[in-house]
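**Student:** model_16.txt is reproduced in full below (compact mmCIF, C-alpha atoms and all ligand atoms).
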```txt
# COMPACT_ATOMS: atom_id res chain seq x y z
CA MET Y 13 -19.79 -1.41 36.19
CA SER Y 14 -19.25 1.98 34.63
CA ALA Y 15 -15.86 3.56 34.33
CA LEU Y 16 -16.91 6.26 36.76
CA ALA Y 17 -17.29 3.64 39.49
CA LEU Y 18 -13.54 3.18 39.45
CA VAL Y 19 -12.00 3.75 42.84
CA SER Y 20 -10.18 7.05 42.91
CA THR Y 21 -6.58 6.43 43.98
CA ARG Y 22 -6.35 10.07 44.92
CA HIS Y 23 -9.41 9.88 47.16
CA GLU Y 24 -8.20 6.66 48.84
CA TYR Y 25 -4.77 8.14 49.47
CA ASP Y 26 -6.11 11.42 50.84
CA HIS Y 27 -8.47 9.53 53.15
CA LEU Y 28 -5.61 7.43 54.57
CA PHE Y 29 -3.40 10.51 54.83
CA SER Y 30 -6.08 12.31 56.88
CA ILE Y 31 -6.00 9.42 59.38
CA TYR Y 32 -2.23 8.90 59.47
CA VAL Y 33 -1.29 12.52 60.11
CA PRO Y 34 -3.36 13.18 63.28
CA ILE Y 35 -2.14 9.86 64.74
CA ALA Y 36 1.47 10.71 63.92
CA ILE Y 37 1.11 14.17 65.44
CA GLY Y 38 -0.61 12.74 68.55
CA LEU Y 39 2.09 10.12 69.11
CA PHE Y 40 4.84 12.65 68.51
CA LEU Y 41 3.32 14.97 71.12
CA LEU Y 42 2.88 12.08 73.55
CA ILE Y 43 6.54 11.06 73.22
CA ALA Y 44 7.90 14.62 73.22
CA LEU Y 45 5.87 15.64 76.27
CA THR Y 46 6.77 12.45 78.14
CA VAL Y 47 10.48 13.00 77.52
CA LEU Y 48 10.22 16.67 78.42
CA GLY Y 49 8.26 15.86 81.57
CA ALA Y 50 10.79 13.21 82.60
CA VAL Y 51 13.65 15.63 82.06
CA LEU Y 52 11.98 18.32 84.16
CA ILE Y 53 10.65 16.10 86.93
CA TYR Y 54 13.74 13.90 87.30
CA ARG Y 55 16.41 16.47 86.57
CA ARG Y 56 19.52 16.34 88.68
CA ARG Y 57 19.12 17.53 92.23
CA PRO Y 58 21.72 18.07 94.87
CA VAL Y 59 22.98 15.15 96.95
CA GLU Y 60 20.41 12.50 96.43
CA ARG Y 61 20.98 8.86 95.83
CA ALA Y 62 19.58 7.79 92.46
CA ALA Y 63 16.68 5.39 92.41
CA ARG Y 64 17.75 1.85 91.59
CA TRP Y 65 14.81 0.64 89.52
CA HIS Y 66 15.33 0.11 85.82
CA GLU Y 67 12.01 -1.10 84.57
CA ASN Y 68 8.34 -0.43 84.98
CA ASN Y 69 6.42 -3.26 83.43
CA PRO Y 70 2.90 -1.76 83.56
CA ILE Y 71 3.99 1.47 81.83
CA GLU Y 72 6.21 -0.27 79.29
CA GLY Y 73 3.56 -2.89 78.56
CA THR Y 74 0.83 -0.28 78.10
CA TYR Y 75 3.02 1.76 75.77
CA ALA Y 76 4.01 -1.28 73.68
CA LEU Y 77 0.38 -2.35 73.45
CA LEU Y 78 -0.69 1.15 72.41
CA LEU Y 79 1.93 1.24 69.64
CA ALA Y 80 1.02 -2.28 68.46
CA CYS Y 81 -2.67 -1.30 68.30
CA VAL Y 82 -1.91 1.87 66.33
CA ALA Y 83 0.34 -0.02 63.88
CA ALA Y 84 -2.26 -2.78 63.44
CA PHE Y 85 -5.02 -0.22 62.86
CA LEU Y 86 -3.01 1.66 60.22
CA LEU Y 87 -1.94 -1.56 58.49
CA TYR Y 88 -5.56 -2.69 58.38
CA LEU Y 89 -6.70 0.61 56.83
CA THR Y 90 -3.85 0.61 54.33
CA PHE Y 91 -4.28 -2.96 53.13
CA THR Y 92 -8.05 -2.73 52.85
CA ALA Y 93 -7.70 0.48 50.79
CA GLU Y 94 -5.11 -1.19 48.57
CA HIS Y 95 -7.28 -4.27 48.18
CA ARG Y 96 -10.27 -2.11 47.27
CA VAL Y 97 -8.30 -0.19 44.65
CA ASP Y 98 -6.83 -3.36 43.11
CA THR Y 99 -9.91 -5.55 43.04
CA VAL Y 100 -12.27 -2.88 41.76
CA SER Y 101 -9.88 -1.63 39.12
CA LEU Y 102 -8.85 -5.08 37.90
CA GLY Y 103 -12.52 -6.02 37.53
CA GLU Y 104 -12.96 -3.17 35.06
CA ARG Y 105 -12.88 -3.72 31.34
CA PRO Y 106 -10.08 -1.43 30.19
CA ALA Y 107 -10.71 1.17 27.49
CA VAL Y 108 -7.09 0.87 26.42
CA VAL Y 109 -4.11 -1.30 27.35
CA ILE Y 110 -0.64 0.22 27.51
CA ASP Y 111 2.57 -1.75 28.03
CA VAL Y 112 4.95 0.31 30.13
CA THR Y 113 8.62 -0.60 30.12
CA GLY Y 114 11.12 1.15 32.33
CA SER Y 115 14.80 1.10 31.38
CA LYS Y 116 17.79 3.24 32.15
CA TRP Y 117 16.67 5.98 31.68
CA GLU Y 118 13.49 6.10 29.77
CA TRP Y 119 9.89 4.96 29.69
CA THR Y 120 8.53 3.15 26.66
CA PHE Y 121 4.74 3.22 26.36
CA THR Y 122 3.47 0.71 23.83
CA TYR Y 123 -0.13 0.64 22.64
CA PRO Y 124 -0.45 -2.99 21.49
CA SER Y 125 -3.85 -2.61 19.85
CA TYR Y 126 -2.61 0.33 17.79
CA ARG Y 127 0.89 -1.10 17.29
CA PHE Y 128 3.08 1.84 18.13
CA SER Y 129 5.16 3.15 21.02
CA VAL Y 130 6.12 6.51 22.46
CA ARG Y 131 9.13 7.11 24.65
CA SER Y 132 10.08 9.62 27.29
CA GLY Y 133 13.20 10.17 29.35
CA THR Y 134 16.75 10.69 28.14
CA VAL Y 135 15.58 9.91 24.60
CA GLY Y 136 13.11 12.77 24.40
CA ARG Y 137 9.74 13.80 25.67
CA GLN Y 138 6.91 12.10 23.84
CA PRO Y 139 3.72 12.32 25.89
CA LEU Y 140 1.81 9.36 27.24
CA VAL Y 141 -1.73 9.98 25.96
CA VAL Y 142 -4.70 8.28 27.66
CA PRO Y 143 -8.49 8.61 27.43
CA ALA Y 144 -9.91 10.56 30.36
CA GLY Y 145 -12.63 9.06 32.55
CA ALA Y 146 -12.01 5.49 31.42
CA PRO Y 147 -10.08 2.58 32.92
CA VAL Y 148 -6.56 2.43 31.50
CA ARG Y 149 -4.72 -0.84 32.00
CA PHE Y 150 -0.94 -0.68 32.37
CA ASN Y 151 1.27 -3.74 32.08
CA LEU Y 152 4.33 -2.59 33.91
CA THR Y 153 7.81 -4.08 33.64
CA SER Y 154 11.50 -3.20 33.46
CA THR Y 155 14.42 -4.31 31.32
CA ASP Y 156 17.24 -3.73 33.80
CA VAL Y 157 16.80 -2.55 37.38
CA ILE Y 158 13.77 -1.78 39.51
CA HIS Y 159 12.11 1.46 38.47
CA SER Y 160 8.96 2.96 39.88
CA PHE Y 161 6.05 4.34 37.86
CA TRP Y 162 4.83 7.38 39.75
CA ILE Y 163 2.13 9.92 38.93
CA PRO Y 164 2.02 12.21 41.98
CA ALA Y 165 -1.29 13.90 41.11
CA LEU Y 166 -3.02 10.50 41.11
CA ARG Y 167 -1.26 9.60 44.38
CA TYR Y 168 -0.17 6.40 42.67
CA LYS Y 169 3.18 4.68 42.55
CA HIS Y 170 4.08 1.14 41.54
CA ASP Y 171 7.38 -0.64 41.07
CA ALA Y 172 8.45 -1.84 37.62
CA ILE Y 173 10.34 -5.07 38.23
CA PRO Y 174 12.59 -6.88 35.73
CA GLY Y 175 11.25 -10.31 34.76
CA SER Y 176 7.78 -9.61 36.12
CA VAL Y 177 4.73 -7.84 34.74
CA GLN Y 178 2.68 -5.81 37.19
CA VAL Y 179 -0.87 -5.20 36.00
CA ILE Y 180 -2.47 -1.99 37.24
CA THR Y 181 -5.52 0.00 36.23
CA LEU Y 182 -5.87 3.73 36.67
CA SER Y 183 -8.44 6.31 35.69
CA PHE Y 184 -7.54 9.88 34.85
CA GLY Y 185 -9.60 13.02 34.96
CA PRO Y 186 -8.99 15.32 32.01
CA GLY Y 187 -5.71 17.20 32.25
CA VAL Y 188 -1.95 16.97 32.13
CA PHE Y 189 -0.15 14.89 34.72
CA ALA Y 190 3.56 14.85 35.43
CA GLY Y 191 5.10 11.44 36.03
CA GLN Y 192 8.54 10.18 36.93
CA CYS Y 193 10.60 7.26 38.12
CA ALA Y 194 10.47 7.13 41.91
CA GLU Y 195 13.18 4.53 42.47
CA PHE Y 196 16.78 5.69 42.27
CA CYS Y 197 18.09 3.82 39.23
CA GLY Y 198 21.41 5.40 38.34
CA LEU Y 199 23.07 8.61 37.28
CA ARG Y 200 20.30 9.93 35.05
CA HIS Y 201 17.41 8.77 37.21
CA SER Y 202 16.15 12.34 37.44
CA ASP Y 203 15.75 12.47 33.65
CA MET Y 204 13.37 9.53 33.73
CA ILE Y 205 10.27 11.67 33.50
CA PHE Y 206 7.15 11.73 31.39
CA VAL Y 207 3.93 13.66 30.97
CA ALA Y 208 0.51 12.03 30.73
CA HIS Y 209 -2.13 13.83 28.71
CA ALA Y 210 -5.65 12.66 29.54
CA VAL Y 211 -7.93 13.72 26.69
CA ASN Y 212 -11.51 12.86 25.83
CA PRO Y 213 -11.91 9.35 24.39
CA ALA Y 214 -12.70 10.58 20.86
CA ALA Y 215 -9.55 12.71 20.80
CA PHE Y 216 -7.58 9.77 22.15
CA THR Y 217 -8.79 7.43 19.44
CA LYS Y 218 -8.02 10.04 16.79
CA TRP Y 219 -4.51 10.53 18.18
CA ALA Y 220 -3.84 6.80 18.47
CA ARG Y 221 -5.06 6.12 14.93
CA SER Y 222 -2.91 8.90 13.55
CA ARG Y 223 0.13 7.41 15.27
CA GLY Y 224 -0.48 3.74 14.74
CA ARG Y 225 -1.94 1.44 12.19
CA GLY Y 226 -5.47 1.35 13.58
CA PRO Y 227 -6.85 -0.90 16.27
CA THR Y 228 -6.54 -4.63 15.77
CA PRO Y 229 -9.91 -6.37 15.55
CU CU E 301 14.20 4.58 36.99
```
Here is the file; what I need is its structure written in the form of structure tokens.
**Tutor:**
Amino acid sequence: MSALALVSTRHEYDHLFSIYVPIAIGLFLLIALTVLGAVLIYRRRPVERAARWHENNPIEGTYALLLACVAAFLLYLTFTAEHRVDTVSLGERPAVVIDVTGSKWEWTFTYPSYRFSVRSGTVGRQPLVVPAGAPVRFNLTSTDVIHSFWIPALRYKHDAIPGSVQVITLSFGPGVFAGQCAEFCGLRHSDMIFVAHAVNPAAFTKWARSRGRGPTP
């Protein structure tokens, strides 16, 4: 499978978003109009004994069923999209593997096959450089608390968990992408930022070789 067949996380997210939002707006209107209607229709009137009923099983049952169906539908869409992204991307042969370690308050990006690391956060701002248009495998972990590896432009976010390695694969179009920790992790959480530069594969290899000691065989 070619690298271009990689599922676009951005496309998957935008597709789900375009389904979630109309449903959310529709349900909001339904609830708001029902409440408003009830207030207007059953507003206080002079000298009238209040009705004594306190439940209406058909209406309550229909409403609960409607909400359960909507929730089940959205969960189904979300999990199938997530499954698609994970299985397709993990089946790809990565062009480069990068170990990502979150710690208070910096990201360490290690390129094992080139034997060097760059860091970004409170320690400075070294860029994460990746080849554009190719699967990039990230082995994600944390040394202290839970952090979250987030690149908003890719619509992708994944927790970095101490004692566990999360394997994810992303593909980048060419460009510069801001990234940050998305899990509040202490006083300088907001400094836990990085920038990903996606460059053409030849430029990436040149950069990596100039930084490291050449790829291991
Ligand atoms: Cu963090």
**Student:** Please identify the residues whose atoms come within 9 Å of ligand CU 301 (chain E), using only C-alpha atoms and all ligand atoms, and report them as a list in words.
**Tutor:**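 The residues near ligand CU 301 (chain E) are Gly114, Ser115, Lys116, Trp117, Glu118, Trp119, Ser154, Val157, Ile158, His159, Ser160, Phe161, Ala172, Gln192, Cys193, Ala194, Glu195, Phe196, Cys197, Gly198, Arg200, His201, Ser202, Asp203, Met204 and Ile205 of chain Y.
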**Student:** What does the distance between atom CA of Val100 of chain Y and atom CA of Ala36 of chain Y come to in Å, to one decimal place?
**Tutor:**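 Separation of atom CA of Val100 of chain Y and atom CA of Ala36 of chain Y: 29.4 Å.
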**Student:** Calculate how many Å separate atom CA of Pro139 of chain Y from atom CA of Val207 of chain Y, rounding to one decimal.
**Tutor:**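 A separation of 5.3 Å between them.
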**Student:** In terms of the shortest atom-to-atom distance over only C-alpha atoms, which of Y:Phe85, Y:Tyr75, Y:Tyr54, Y:Trp65 is closest to Ile35 of chain Y?
**Tutor:**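 Of Y:Phe85, Y:Tyr75, Y:Tyr54, Y:Trp65, the one nearest Ile35 of chain Y, counting only C-alpha atoms, is Y:Phe85.
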**Student:** Just how far from atom CA of Arg221 of chain Y is atom CA of Arg131 of chain Y, in Å to one decimal?
**Tutor:**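 Answer for the atom CA of Arg131 of chain Y to atom CA of Arg221 of chain Y separation: 17.2 Å.
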**Student:** Between Y:His170, Y:Phe121, Y:Tyr32, Y:Leu39, single out the one closest to Leu87 of chain Y, counting all atoms listed in the file.
**Tutor:**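 Of the candidates, the smallest distance to Leu87 of chain Y is held by Y:Tyr32.
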**Student:** Could you check which of Y:Leu28, Y:Ala190, Y:Val148, Y:Leu52 is closest to Asp111 of chain Y, using only C-alpha atoms?
**Tutor:**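 For Asp111 of chain Y, the nearest of the candidates is Y:Val148.
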